[in-house]
Amino acid sequence: MIHLANIDKYYDSRFQRTFVLKDINLKVNEGEFVSIMGPSGSGKSTLLNIIGLLDQPSAGDYQLDGQSMLNLREKEVVGFLRNFMGFIFQAYHLIEEMTVYENIETPLIYKGVKSKDRQAMIADLLDRFNMVAKKELFPTQLSGGQQQLVGIARAIVGKPRLLLADEPTGNLHSGQGEMIMETLRALNREGMTIVQVTHNEKFAGYGSRIIRLEDGYIRSDQPALTTERIA
Amino acid sequence: MFRYFLTGIYRNVLKDKVTSLINLVNLTIGFTTFILLGMVVSYEFSFDKFNTNFDRIYRVQTKQEDSYPINYCTFSPAAFRYHLMADQPEVEQVLLMREVSAGQGGGQFFQLPDGSQLFEKDGYFSENAIFDIFSYHILEGNPQHALDEPNQIMLSEKLRQKLFPEGNAVGKKVLIGKRFLLTVVGVYADLPYHASLRPSYLVSLSTYELFAGIQKYRDNWTYIDNDNFVLLRKGADPARVNERIHNAFKEVKNFEKSSPYLHPLSKMHISPNSQPDMIVGLSILSLAGLLVLVLSCVNYVNLSLAGSTRRAAEIGIKKVVGFSGRVIAVQFIAETLVLTFLAMILGMGFAQLASPMMANILRSNAVFRIFDYGALLVVLLGTAILAGIASGLYPALVLASYNPIKVLKGKLFAGKGNAFSLRKVLTTAQFSISLFMLIVSLILYAHVNFILNKDLGFESRNLLFTEIHPRQPVDFESVRQRLLVHPEIVDATFSNTIPFQGNIGGFVSWDGAAQDQKEMISRNYVNYEFVPTFGLKMLYGRNFSKDYPSDDKSCLINETALKVFGWKDPIGKQIFMNGRPFPVIGVVKDFHPFSVHNPIPSYIMFLKDKNELTGEAQLTVRFSEGNKGKARDIITAELSTALPDEPFEVKEFSVIFYLDLAITFWQSMKKLFFFFAVVTLLISSMGLFGLILFTTKRRTKEIGVRKVLGSSVGSIYTELSSEVVWLIGFAILVACPAAILIYRTMPGAYKEPLNLTEFLLAIAVTILMAFLTITYHVLKVAVQNPVKALRYE
Ligand SMILES: Nc1ncnc2c1ncn2[C@@H]1O[C@H](COP(=O)(O)OP(=O)(O)O)[C@@H](O)[C@H]1O
Ligand SMILES: [Mg+2]
């Protein structure tokens with residue numbers, strides 16, 4: 001599904017060119033659950049943002065489902081964001097002026113889903129995440145784990161084919177983190193392709209494949225030992 | 001601690017130069033406007049206060065209840081002086097004076113050493129008491145008996161310089177009106193610019209009695225064309241005097257419904273004849289000045305809040321280190337006060353610099369000096385403190401209440417959706433004020449244009465006139481024929497008064513009137529060519545004509561009079577004046593005989609005796625388009641030949657029209673308000689800038705999130721602007737009724753009917769301004785890469 005070939009990402013300052021990503025070659029197939037690891041500043045977020053069309057590579061080729069993602073027009077990007085991808089962030093990035101329900105509803109509105117259908121879809125998710133009672137609360141009234149669940153709900157309510165998660169458990173203690181990872185695994189098992197960035201070796205193991213970045217290079221790319229195997 | 005305060009303030013101001021500068025500019029504009037206005041208002045209320053007897057001086061005026069609308073005439077009969085006021089126990093001094101050539105444009109000609117004629121206005125016949133009642137500074141001569149004898153004249157310093165540049169005027173002779181030789185008995189310093197009465201020269205009243213040849217002038221109750229002043233004893237109650245003199249006219253025929261009353265000197269300038277124009281205008285202006293200041297304070301709050309993100313980290317750290325919220329709040333308020341005072345001082349400077357412009361707008365030769373107005377300075381100081389605290393308080397509280405942990409985590413604006421409702425109130429206030437000012441400016445603009453372009457009922461362009469007083473009767477037709485020889489001259493007429501210049505009133509009765517029914521009517525004595533020269537339109541009947549010798553015993557009336565008399569078929573009906581009948585031969589379409597401010601009165605015209613120029617007359621000439629200069633020369637030449645001994649000055653009719661008080665006043669108002677509208681727009685666009693900067697800053701992250709969720713720039717724009725749309729909607733609901741209220745309180749008989757365009761235009765400008773600003777900010781944020789907005793973690 002994802003095909004990155006010879007991707008470079010650099011920033012030019014007055015005197016030098018700083019490479020954030022260098023010669024990245026990566027293929028991710030439909031249904032995979034990929035974990036990206038690496039030290040801080042190694043380019044993980046940048047890579048994820050390029051995959052998610054939030055950022056453009058400086059050089060190289062990027063194809064999604066065989067279609068080139070270079071030089072897309074604003075409208076096309078918006079189309080992919082609405083229909084193809086979902087994002088989960090470390091800082092949740094919920095809209096604080098909106099209730100849980102409204103937060104989850106937002107992407108559906110952008111997608112143009114009818115009000116009735118929206119209600120049904122959101123109700124399903126709230127049910128699944130055991131948050132029906134909290135739908136009228138504001139984000140600040142929830143715990144971090146609950147906020148991230150809302151973040152996930154918002155990311156997947158539009159049934160994206162690709163879910164991108166940048167350190168989704170970074171701000172959570174391990175108990176809540178595990179719950180989130182379980183949720184992601186379940187989603188993957190239902191067929192959703194997932195690419196996550198994580199610092200946590202154990203959480204990386206929830207995926208089927210681990211890519212390690214160092215200074216913008218892919219250091220290694222190998223199948224994960226499944227958590228079952230570690231346990 | 002204090003030092004920490006000062007350095008803290010100093011550093012904060014320097015740290016964000018742009019915000020500090022915008023804030024300072026904003027407050028300075030607010031204060032400049034407020035002070036300018038304060039100076040105008042203080043100036044208008046400072047009139048005559050220089051008189052030591054200020055609160056004991058009254059003018060005895062005449063209230064005429066049978067005129068419509070009730071007329072508060074500033075003039076009074078000469079009899080008041082000897083037969084009414086002199087006997088009142090409360091009265092210490094009485095003074096009778098009258099304008100030289102009163103009521104007819106005033107003034108006299110003075111012969112200069114080289115023999116040429118100088119026309120000098122603002123001359124008065126007066127008694128010596130003027131120096132006891134009012135505060136005059138005598139430069140030459142003895143004021144004790146200066147104006148006791150006939151043929152004596154006192155000169156103002158200004159006039160003295162023109163007539164006797166070499167000095168030592170006392171004892172010298174001046175020839176006025178080419179015929180009266182007067183002796184100069186003294187010179188007084190020019191009166192200050194804020195004196196209502198600024199005589200250029202004073203002639204002894206006995207001179208008038210001698211030359212005018214009016215029998216028993218001092219006993220006359222019927223000519224209401226004098227100024228009577230009184231000085232009350234200390235502690236005397238003017239109400240008691242008013243009570244006692246109320247019925248003074250009862251025994252005087254035709255004046256039963258008039259009554260004398262004391263009008264205090266304090267109101268002589270603001271409201272000489274109890275018309276509210278000036279007070280209403282000044283109130284509207286004061287309101288406007290205050291609103292502009294409030295607007296700039298609201299802006300300050302908005303801008304401060306917008307800048308508060310910048311200070312959040314600093315405050316977070318301070319709190320962690322152990323500063324209390326109170327110290328932080330007090331520091332911010334102190335900072336605001338310093339800025340406010342700086343703005344006030346700058347404002348005083350700028351206002352002083354801009355004051356000549358103000359004087360120009362007001363068409364006054366006033367000199368504004370800010371330090372002359374003690375009360376204003378006190379108000380200003382209070383306002384500055386109040387404004388400083390008011391605009392510092394809310395941001396201070398917001399800043400002080402920041403939760404340090406959240407602030408340091410960059411979660412400044414955590415909270416529910418309605419957390420910033422006060423901001424919404426302030427913003428709505430801001431929109432409402434600007435919209436209100438805009439609408440009122442547009443209304444005034446339209447109103448003044450309406451008055452200026454109002455159909456006067458006669459053709460006011462291409463007219464020249466002159467006032468002339470021939471000693472010997474002169475046949476007018478021969479003068480007219482001499483003028484008509486020139487193709488530039490279209491027609492010529494003469495009359496006792498002309499529109500906008502002078503007015504004679506009197507009572508009439510008419511065919512079909514009830515037993516004691518009377519109408520106060522404005523009357524004029526005209527010749528055959530008055531109607532065609534002024535371009536009056538005949539509705540019924542005909543103009544005066546030489547073919548009908550009996551026309552000298554008939555009259556023309558106007559439409560309004562016709563309505564009052566209630567005649568179906570006016571021609572041949574009679575009106576009665578002093579018991580004599582005058583048959584009506586024609587009715588003219590209504591025209592404005594004086595100020596467009598007043599409703600058109602009933603009007604009657606009689607034919608001048610024998611078509612001869614005698615006594616006081618206005619000679620009016622219509623010239624053909626584009627020949628004003630030539631026509632002026634022709635008139636000057638022909639009149640000088642026809643009447644070699646009479647001084648005169650040819651004037652433009654349009655000039656007196658524009659001198660009409662109603663017009664000058666509302667024209668100044670229009671200009672002032674235009675000035676305010678510009679200031680308001682300027683300030684509110686600054687405020688809007690701050691507001692939207694704040695909103696978008698607060699929502700930068702949100703916009704980023706929304707973009708990731710698939711929102712297009714368009715829908716972000718819609719979402720952000722919908723809030724502003726609501727605010728504007730609310731502002732419209734507040735501003736429109738307020739503006740309508742102002743319109744209603746505007747005085748005047750003829751107002752431009754309220755017009756939807758003024759409202760729509762103002763609303764459109766406000767909306768446009770709001771959306772330009774929104775567009776700028778939103779696009780800036782919305783177009784940027786969302787990753788940037790979401791970066792900090
Ligand atoms: N706009 C930018 N200009 C310059 N350098 C940048 C910019 N954005 C990111 N970087 C640099 O790119 C590197 C990788 O950043 P990032 O992808 O966020 O790393 P990670 O997510 O692995 O911690 C960092 O060193 C960061 O400083
Ligand atoms: Mg990162």
# chains A, B, ... in the order shown; residues from 1 in each chain; ligands from 1
$ residues_around --residues "region 760-767 of chain B" --least-positions-apart "4" --cutoff "9 Å" --atoms "only C-alpha atoms" --output "number ranges by chain"
B: 431, 434-439, 442, 681, 725, 728, 732, 756, 771-772
$ residues_around --residues "Gly207 (chain A)" --least-positions-apart "4" --cutoff "9 Å" --atoms "only C-alpha atoms" --output "ChimeraX atom specification"
/A:32-35,185,188,194-196,203,223-227
$ write_last_selection --atoms "N, CA, C and O atoms" --output "PDB file, in the first residue's frame"
ATOM      1  N   GLU A  32      -0.758  -4.542   7.458  1.00  0.00           N
ATOM      2  CA  GLU A  32       0.393  -4.620   8.351  1.00  0.00           C
ATOM      3  C   GLU A  32       0.203  -3.707   9.552  1.00  0.00           C
ATOM      4  O   GLU A  32      -0.561  -2.742   9.515  1.00  0.00           O
ATOM      5  N   PHE A  33       0.959  -3.976  10.623  1.00  0.00           N
ATOM      6  CA  PHE A  33       0.994  -3.116  11.825  1.00  0.00           C
ATOM      7  C   PHE A  33       2.468  -2.855  12.083  1.00  0.00           C
ATOM      8  O   PHE A  33       3.179  -3.697  12.599  1.00  0.00           O
ATOM      9  N   VAL A  34       2.944  -1.655  11.644  1.00  0.00           N
ATOM     10  CA  VAL A  34       4.363  -1.353  11.673  1.00  0.00           C
ATOM     11  C   VAL A  34       4.671  -0.428  12.841  1.00  0.00           C
ATOM     12  O   VAL A  34       3.948   0.541  13.073  1.00  0.00           O
ATOM     13  N   SER A  35       5.728  -0.716  13.606  1.00  0.00           N
ATOM     14  CA  SER A  35       6.186   0.179  14.674  1.00  0.00           C
ATOM     15  C   SER A  35       7.487   0.835  14.241  1.00  0.00           C
ATOM     16  O   SER A  35       8.388   0.160  13.758  1.00  0.00           O
ATOM     17  N   ARG A 185      -4.348  -3.109  18.376  1.00  0.00           N
ATOM     18  CA  ARG A 185      -4.199  -4.479  17.858  1.00  0.00           C
ATOM     19  C   ARG A 185      -5.534  -5.019  17.347  1.00  0.00           C
ATOM     20  O   ARG A 185      -5.607  -5.622  16.268  1.00  0.00           O
ATOM     21  N   ASN A 188      -6.254  -3.561  14.063  1.00  0.00           N
ATOM     22  CA  ASN A 188      -5.414  -4.164  13.030  1.00  0.00           C
ATOM     23  C   ASN A 188      -5.963  -5.523  12.613  1.00  0.00           C
ATOM     24  O   ASN A 188      -6.000  -5.861  11.433  1.00  0.00           O
ATOM     25  N   ILE A 194      -1.790  -0.099  10.165  1.00  0.00           N
ATOM     26  CA  ILE A 194      -1.396   0.854  11.211  1.00  0.00           C
ATOM     27  C   ILE A 194       0.102   1.103  11.138  1.00  0.00           C
ATOM     28  O   ILE A 194       0.886   0.159  10.980  1.00  0.00           O
ATOM     29  N   VAL A 195       0.516   2.396  11.218  1.00  0.00           N
ATOM     30  CA  VAL A 195       1.926   2.707  11.400  1.00  0.00           C
ATOM     31  C   VAL A 195       2.017   3.538  12.669  1.00  0.00           C
ATOM     32  O   VAL A 195       1.365   4.578  12.779  1.00  0.00           O
ATOM     33  N   GLN A 196       2.784   3.051  13.662  1.00  0.00           N
ATOM     34  CA  GLN A 196       2.899   3.809  14.901  1.00  0.00           C
ATOM     35  C   GLN A 196       4.349   4.133  15.204  1.00  0.00           C
ATOM     36  O   GLN A 196       5.263   3.416  14.797  1.00  0.00           O
ATOM     37  N   PHE A 203       5.554  -2.012  23.616  1.00  0.00           N
ATOM     38  CA  PHE A 203       4.434  -1.589  22.776  1.00  0.00           C
ATOM     39  C   PHE A 203       4.765  -1.765  21.301  1.00  0.00           C
ATOM     40  O   PHE A 203       3.880  -2.033  20.492  1.00  0.00           O
ATOM     41  N   PRO A 223      10.825  -8.293  11.346  1.00  0.00           N
ATOM     42  CA  PRO A 223       9.556  -8.710  11.953  1.00  0.00           C
ATOM     43  C   PRO A 223       9.649  -8.630  13.470  1.00  0.00           C
ATOM     44  O   PRO A 223      10.718  -8.846  14.035  1.00  0.00           O
ATOM     45  N   ALA A 224       8.569  -8.247  14.097  1.00  0.00           N
ATOM     46  CA  ALA A 224       8.572  -8.160  15.550  1.00  0.00           C
ATOM     47  C   ALA A 224       8.354  -9.530  16.148  1.00  0.00           C
ATOM     48  O   ALA A 224       7.679 -10.366  15.551  1.00  0.00           O
ATOM     49  N   LEU A 225       8.943  -9.705  17.303  1.00  0.00           N
ATOM     50  CA  LEU A 225       8.565 -10.878  18.077  1.00  0.00           C
ATOM     51  C   LEU A 225       7.206 -10.531  18.648  1.00  0.00           C
ATOM     52  O   LEU A 225       7.042  -9.460  19.230  1.00  0.00           O
ATOM     53  N   THR A 226       6.236 -11.343  18.439  1.00  0.00           N
ATOM     54  CA  THR A 226       4.921 -10.956  18.934  1.00  0.00           C
ATOM     55  C   THR A 226       4.915 -10.973  20.452  1.00  0.00           C
ATOM     56  O   THR A 226       5.741 -11.648  21.075  1.00  0.00           O
ATOM     57  N   THR A 227       4.042 -10.174  21.016  1.00  0.00           N
ATOM     58  CA  THR A 227       3.961 -10.123  22.478  1.00  0.00           C
ATOM     59  C   THR A 227       3.719 -11.510  23.045  1.00  0.00           C
ATOM     60  O   THR A 227       4.199 -11.839  24.120  1.00  0.00           O
TER      61      THR A 227
END
$ residues_around --residues "Gly60 (chain A)" --least-positions-apart "2" --cutoff "12 Å" --atoms "only C-alpha atoms" --output "list in words"
His3, Leu4, Ala5, Asn6, Ile7, Asp8, Lys9, Tyr10, Leu21, Lys22, Asp23, Ile24, Asn25, Leu26, Ile50, Gln56, Pro57, Ser58, Tyr62, Gln63, Ser68, Met69, Leu70 and Asn71 of chain A
$ write_last_selection --atoms "N, CA and C atoms" --output "tab-separated table (two decimals), in the first residue's frame"
chain	number	residue	atom	x	y	z
A	3	HIS	N	4.50	2.93	-0.55
A	3	HIS	CA	5.78	2.65	-1.20
A	3	HIS	C	6.62	3.91	-1.21
A	4	LEU	N	7.68	3.95	-0.31
A	4	LEU	CA	8.58	5.08	-0.28
A	4	LEU	C	9.88	4.67	-0.94
A	5	ALA	N	10.34	5.47	-1.89
A	5	ALA	CA	11.59	5.13	-2.58
A	5	ALA	C	12.54	6.31	-2.53
A	6	ASN	N	13.73	6.06	-1.97
A	6	ASN	CA	14.81	7.07	-1.91
A	6	ASN	C	14.34	8.40	-1.37
A	7	ILE	N	13.57	8.34	-0.29
A	7	ILE	CA	13.06	9.60	0.28
A	7	ILE	C	14.14	10.31	1.07
A	8	ASP	N	14.35	11.61	0.71
A	8	ASP	CA	15.19	12.49	1.51
A	8	ASP	C	14.31	13.58	2.09
A	9	LYS	N	14.66	14.04	3.32
A	9	LYS	CA	14.02	15.24	3.83
A	9	LYS	C	15.10	16.07	4.47
A	10	TYR	N	15.25	17.27	3.97
A	10	TYR	CA	16.28	18.12	4.57
A	10	TYR	C	15.77	19.54	4.73
A	21	LEU	N	15.83	13.07	7.07
A	21	LEU	CA	15.64	11.71	6.55
A	21	LEU	C	16.57	11.53	5.36
A	22	LYS	N	17.18	10.33	5.27
A	22	LYS	CA	18.15	10.15	4.18
A	22	LYS	C	17.92	8.80	3.52
A	23	ASP	N	17.59	8.84	2.25
A	23	ASP	CA	17.46	7.63	1.44
A	23	ASP	C	16.59	6.56	2.08
A	24	ILE	N	15.37	6.95	2.38
A	24	ILE	CA	14.43	6.00	3.01
A	24	ILE	C	13.73	5.18	1.94
A	25	ASN	N	13.83	3.87	2.07
A	25	ASN	CA	13.10	2.97	1.18
A	25	ASN	C	12.24	2.09	2.06
A	26	LEU	N	10.95	2.11	1.78
A	26	LEU	CA	10.04	1.40	2.68
A	26	LEU	C	8.77	0.99	1.96
A	50	ILE	N	5.24	12.53	6.58
A	50	ILE	CA	5.32	12.40	5.11
A	50	ILE	C	4.35	11.35	4.63
A	56	GLN	N	5.96	17.20	3.04
A	56	GLN	CA	6.40	16.70	1.73
A	56	GLN	C	7.89	16.34	1.80
A	57	PRO	N	8.24	15.24	1.13
A	57	PRO	CA	9.66	14.89	1.09
A	57	PRO	C	10.43	15.89	0.21
A	58	SER	N	11.73	16.03	0.49
A	58	SER	CA	12.53	16.94	-0.33
A	58	SER	C	12.95	16.26	-1.63
A	62	TYR	N	7.05	8.79	-3.59
A	62	TYR	CA	6.11	8.22	-2.62
A	62	TYR	C	4.84	7.85	-3.36
A	63	GLN	N	4.51	6.55	-3.27
A	63	GLN	CA	3.26	6.11	-3.89
A	63	GLN	C	2.37	5.47	-2.85
A	68	SER	N	1.01	8.27	-7.27
A	68	SER	CA	2.06	9.14	-6.75
A	68	SER	C	1.49	10.20	-5.82
A	69	MET	N	2.18	10.42	-4.72
A	69	MET	CA	1.72	11.40	-3.73
A	69	MET	C	2.51	12.70	-3.79
A	70	LEU	N	3.33	12.82	-4.84
A	70	LEU	CA	4.12	14.05	-4.94
A	70	LEU	C	3.30	15.13	-5.66
A	71	ASN	N	3.50	16.35	-5.24
A	71	ASN	CA	2.86	17.50	-5.87
A	71	ASN	C	1.34	17.38	-5.98
$ residues_around --residues "Asp122 (chain B)" --least-positions-apart "3" --cutoff "6 Å" --atoms "only C-alpha atoms" --output "PyMOL selection string"
chain B and resi 107+199-200
$ residues_near_ligand --ligand "ligand 2" --cutoff "12 Å" --atoms "only C-alpha atoms and all ligand atoms" --output "mmCIF file with N, CA, C and O atoms, in the first residue's frame"
data_model
loop_
_atom_site.group_PDB
_atom_site.id
_atom_site.type_symbol
_atom_site.label_atom_id
_atom_site.label_comp_id
_atom_site.auth_asym_id
_atom_site.auth_seq_id
_atom_site.Cartn_x
_atom_site.Cartn_y
_atom_site.Cartn_z
ATOM 1 N N VAL A 20 17.159 15.355 7.683
ATOM 2 C CA VAL A 20 16.351 14.734 8.737
ATOM 3 C C VAL A 20 16.058 13.286 8.361
ATOM 4 O O VAL A 20 16.069 12.392 9.195
ATOM 5 N N ILE A 36 7.562 2.153 14.405
ATOM 6 C CA ILE A 36 8.810 2.856 14.106
ATOM 7 C C ILE A 36 9.440 3.254 15.432
ATOM 8 O O ILE A 36 8.769 3.829 16.291
ATOM 9 N N MET A 37 10.714 2.922 15.610
ATOM 10 C CA MET A 37 11.414 3.266 16.843
ATOM 11 C C MET A 37 12.664 4.064 16.510
ATOM 12 O O MET A 37 13.081 4.144 15.363
ATOM 13 N N GLY A 38 13.269 4.633 17.527
ATOM 14 C CA GLY A 38 14.494 5.391 17.304
ATOM 15 C C GLY A 38 14.641 6.478 18.335
ATOM 16 O O GLY A 38 13.659 6.872 18.961
ATOM 17 N N PRO A 39 15.846 6.969 18.506
ATOM 18 C CA PRO A 39 16.068 8.037 19.489
ATOM 19 C C PRO A 39 15.349 9.324 19.098
ATOM 20 O O PRO A 39 14.945 9.493 17.938
ATOM 21 N N SER A 40 15.248 10.199 20.069
ATOM 22 C CA SER A 40 14.596 11.480 19.833
ATOM 23 C C SER A 40 15.346 12.267 18.759
ATOM 24 O O SER A 40 16.566 12.295 18.755
ATOM 25 N N GLY A 41 14.627 12.848 17.834
ATOM 26 C CA GLY A 41 15.270 13.645 16.796
ATOM 27 C C GLY A 41 15.754 12.835 15.615
ATOM 28 O O GLY A 41 16.377 13.370 14.705
ATOM 29 N N SER A 42 15.447 11.531 15.602
ATOM 30 C CA SER A 42 15.965 10.708 14.520
ATOM 31 C C SER A 42 15.094 10.780 13.266
ATOM 32 O O SER A 42 15.445 10.232 12.232
ATOM 33 N N GLY A 43 13.957 11.473 13.360
ATOM 34 C CA GLY A 43 13.152 11.669 12.149
ATOM 35 C C GLY A 43 11.883 10.849 12.093
ATOM 36 O O GLY A 43 11.218 10.802 11.054
ATOM 37 N N LYS A 44 11.497 10.238 13.201
ATOM 38 C CA LYS A 44 10.318 9.363 13.206
ATOM 39 C C LYS A 44 9.046 10.141 12.839
ATOM 40 O O LYS A 44 8.289 9.722 11.961
ATOM 41 N N SER A 45 8.872 11.257 13.543
ATOM 42 C CA SER A 45 7.642 12.033 13.276
ATOM 43 C C SER A 45 7.632 12.555 11.849
ATOM 44 O O SER A 45 6.591 12.556 11.186
ATOM 45 N N THR A 46 8.791 12.990 11.403
ATOM 46 C CA THR A 46 8.874 13.509 10.045
ATOM 47 C C THR A 46 8.465 12.441 9.036
ATOM 48 O O THR A 46 7.690 12.703 8.104
ATOM 49 N N LEU A 47 8.946 11.238 9.259
ATOM 50 C CA LEU A 47 8.604 10.127 8.349
ATOM 51 C C LEU A 47 7.094 9.886 8.369
ATOM 52 O O LEU A 47 6.453 9.755 7.330
ATOM 53 N N LEU A 48 6.550 9.842 9.605
ATOM 54 C CA LEU A 48 5.117 9.600 9.728
ATOM 55 C C LEU A 48 4.306 10.694 9.054
ATOM 56 O O LEU A 48 3.299 10.431 8.372
ATOM 57 N N ASN A 49 4.774 11.942 9.231
ATOM 58 C CA ASN A 49 4.053 13.061 8.620
ATOM 59 C C ASN A 49 4.104 13.018 7.098
ATOM 60 O O ASN A 49 3.142 13.397 6.425
ATOM 61 N N PHE A 89 -2.358 11.385 18.071
ATOM 62 C CA PHE A 89 -1.179 12.126 18.524
ATOM 63 C C PHE A 89 -0.866 11.835 19.977
ATOM 64 O O PHE A 89 -1.741 11.503 20.768
ATOM 65 N N GLN A 90 0.393 12.048 20.289
ATOM 66 C CA GLN A 90 0.817 11.898 21.683
ATOM 67 C C GLN A 90 0.038 12.862 22.598
ATOM 68 O O GLN A 90 -0.393 12.485 23.681
ATOM 69 N N ALA A 91 -0.134 14.136 22.142
ATOM 70 C CA ALA A 91 -0.828 15.134 22.971
ATOM 71 C C ALA A 91 -2.335 15.140 22.732
ATOM 72 O O ALA A 91 -3.006 16.110 23.067
ATOM 73 N N ALA A 165 -0.106 6.704 14.070
ATOM 74 C CA ALA A 165 -0.110 7.076 15.481
ATOM 75 C C ALA A 165 1.289 7.492 15.888
ATOM 76 O O ALA A 165 2.232 6.709 15.796
ATOM 77 N N ASP A 166 1.407 8.773 16.339
ATOM 78 C CA ASP A 166 2.719 9.282 16.749
ATOM 79 C C ASP A 166 2.800 9.250 18.265
ATOM 80 O O ASP A 166 2.201 10.089 18.940
ATOM 81 N N GLU A 167 3.531 8.268 18.788
ATOM 82 C CA GLU A 167 3.665 8.091 20.235
ATOM 83 C C GLU A 167 2.322 8.170 20.949
ATOM 84 O O GLU A 167 2.134 9.009 21.831
ATOM 85 N N PRO A 168 1.389 7.325 20.614
ATOM 86 C CA PRO A 168 0.040 7.446 21.177
ATOM 87 C C PRO A 168 0.012 7.198 22.679
ATOM 88 O O PRO A 168 -0.921 7.617 23.355
ATOM 89 N N GLY A 170 2.642 8.009 24.726
ATOM 90 C CA GLY A 170 3.739 8.766 25.332
ATOM 91 C C GLY A 170 3.388 9.471 26.626
ATOM 92 O O GLY A 170 4.213 9.584 27.522
ATOM 93 N N GLN A 196 2.784 3.051 13.662
ATOM 94 C CA GLN A 196 2.899 3.809 14.901
ATOM 95 C C GLN A 196 4.349 4.133 15.204
ATOM 96 O O GLN A 196 5.263 3.416 14.797
ATOM 97 N N VAL A 197 4.547 5.250 15.904
ATOM 98 C CA VAL A 197 5.871 5.603 16.420
ATOM 99 C C VAL A 197 5.817 5.359 17.910
ATOM 100 O O VAL A 197 4.845 5.736 18.567
ATOM 101 N N THR A 198 6.838 4.689 18.458
ATOM 102 C CA THR A 198 6.831 4.454 19.902
ATOM 103 C C THR A 198 8.249 4.365 20.433
ATOM 104 O O THR A 198 9.189 4.052 19.711
ATOM 105 N N HIS A 199 8.382 4.687 21.696
ATOM 106 C CA HIS A 199 9.665 4.542 22.374
ATOM 107 C C HIS A 199 9.715 3.255 23.164
ATOM 108 O O HIS A 199 10.751 2.864 23.670
ATOM 109 N N LEU A 213 15.010 3.755 13.283
ATOM 110 C CA LEU A 213 15.643 4.899 12.624
ATOM 111 C C LEU A 213 16.796 5.393 13.483
ATOM 112 O O LEU A 213 16.758 5.332 14.709
ATOM 113 N N VAL B 787 1.585 20.673 10.588
ATOM 114 C CA VAL B 787 2.608 20.048 11.428
ATOM 115 C C VAL B 787 3.236 21.094 12.344
ATOM 116 O O VAL B 787 3.517 20.843 13.510
ATOM 117 N N LEU B 790 1.172 21.824 15.307
ATOM 118 C CA LEU B 790 1.034 20.733 16.259
ATOM 119 C C LEU B 790 2.372 20.293 16.832
ATOM 120 O O LEU B 790 2.454 19.329 17.570
ATOM 121 N N ARG B 791 3.395 21.014 16.428
ATOM 122 C CA ARG B 791 4.744 20.577 16.739
ATOM 123 C C ARG B 791 5.014 20.465 18.241
ATOM 124 O O ARG B 791 5.453 19.434 18.725
ATOM 125 N N TYR B 792 4.730 21.565 18.984
ATOM 126 C CA TYR B 792 5.178 21.573 20.379
ATOM 127 C C TYR B 792 4.472 20.495 21.190
ATOM 128 O O TYR B 792 3.270 20.423 21.249
ATOM 129 N N GLU B 793 5.255 19.639 21.739
ATOM 130 C CA GLU B 793 4.673 18.533 22.508
ATOM 131 C C GLU B 793 5.488 18.279 23.747
ATOM 132 O O GLU B 793 6.648 18.659 23.804
#
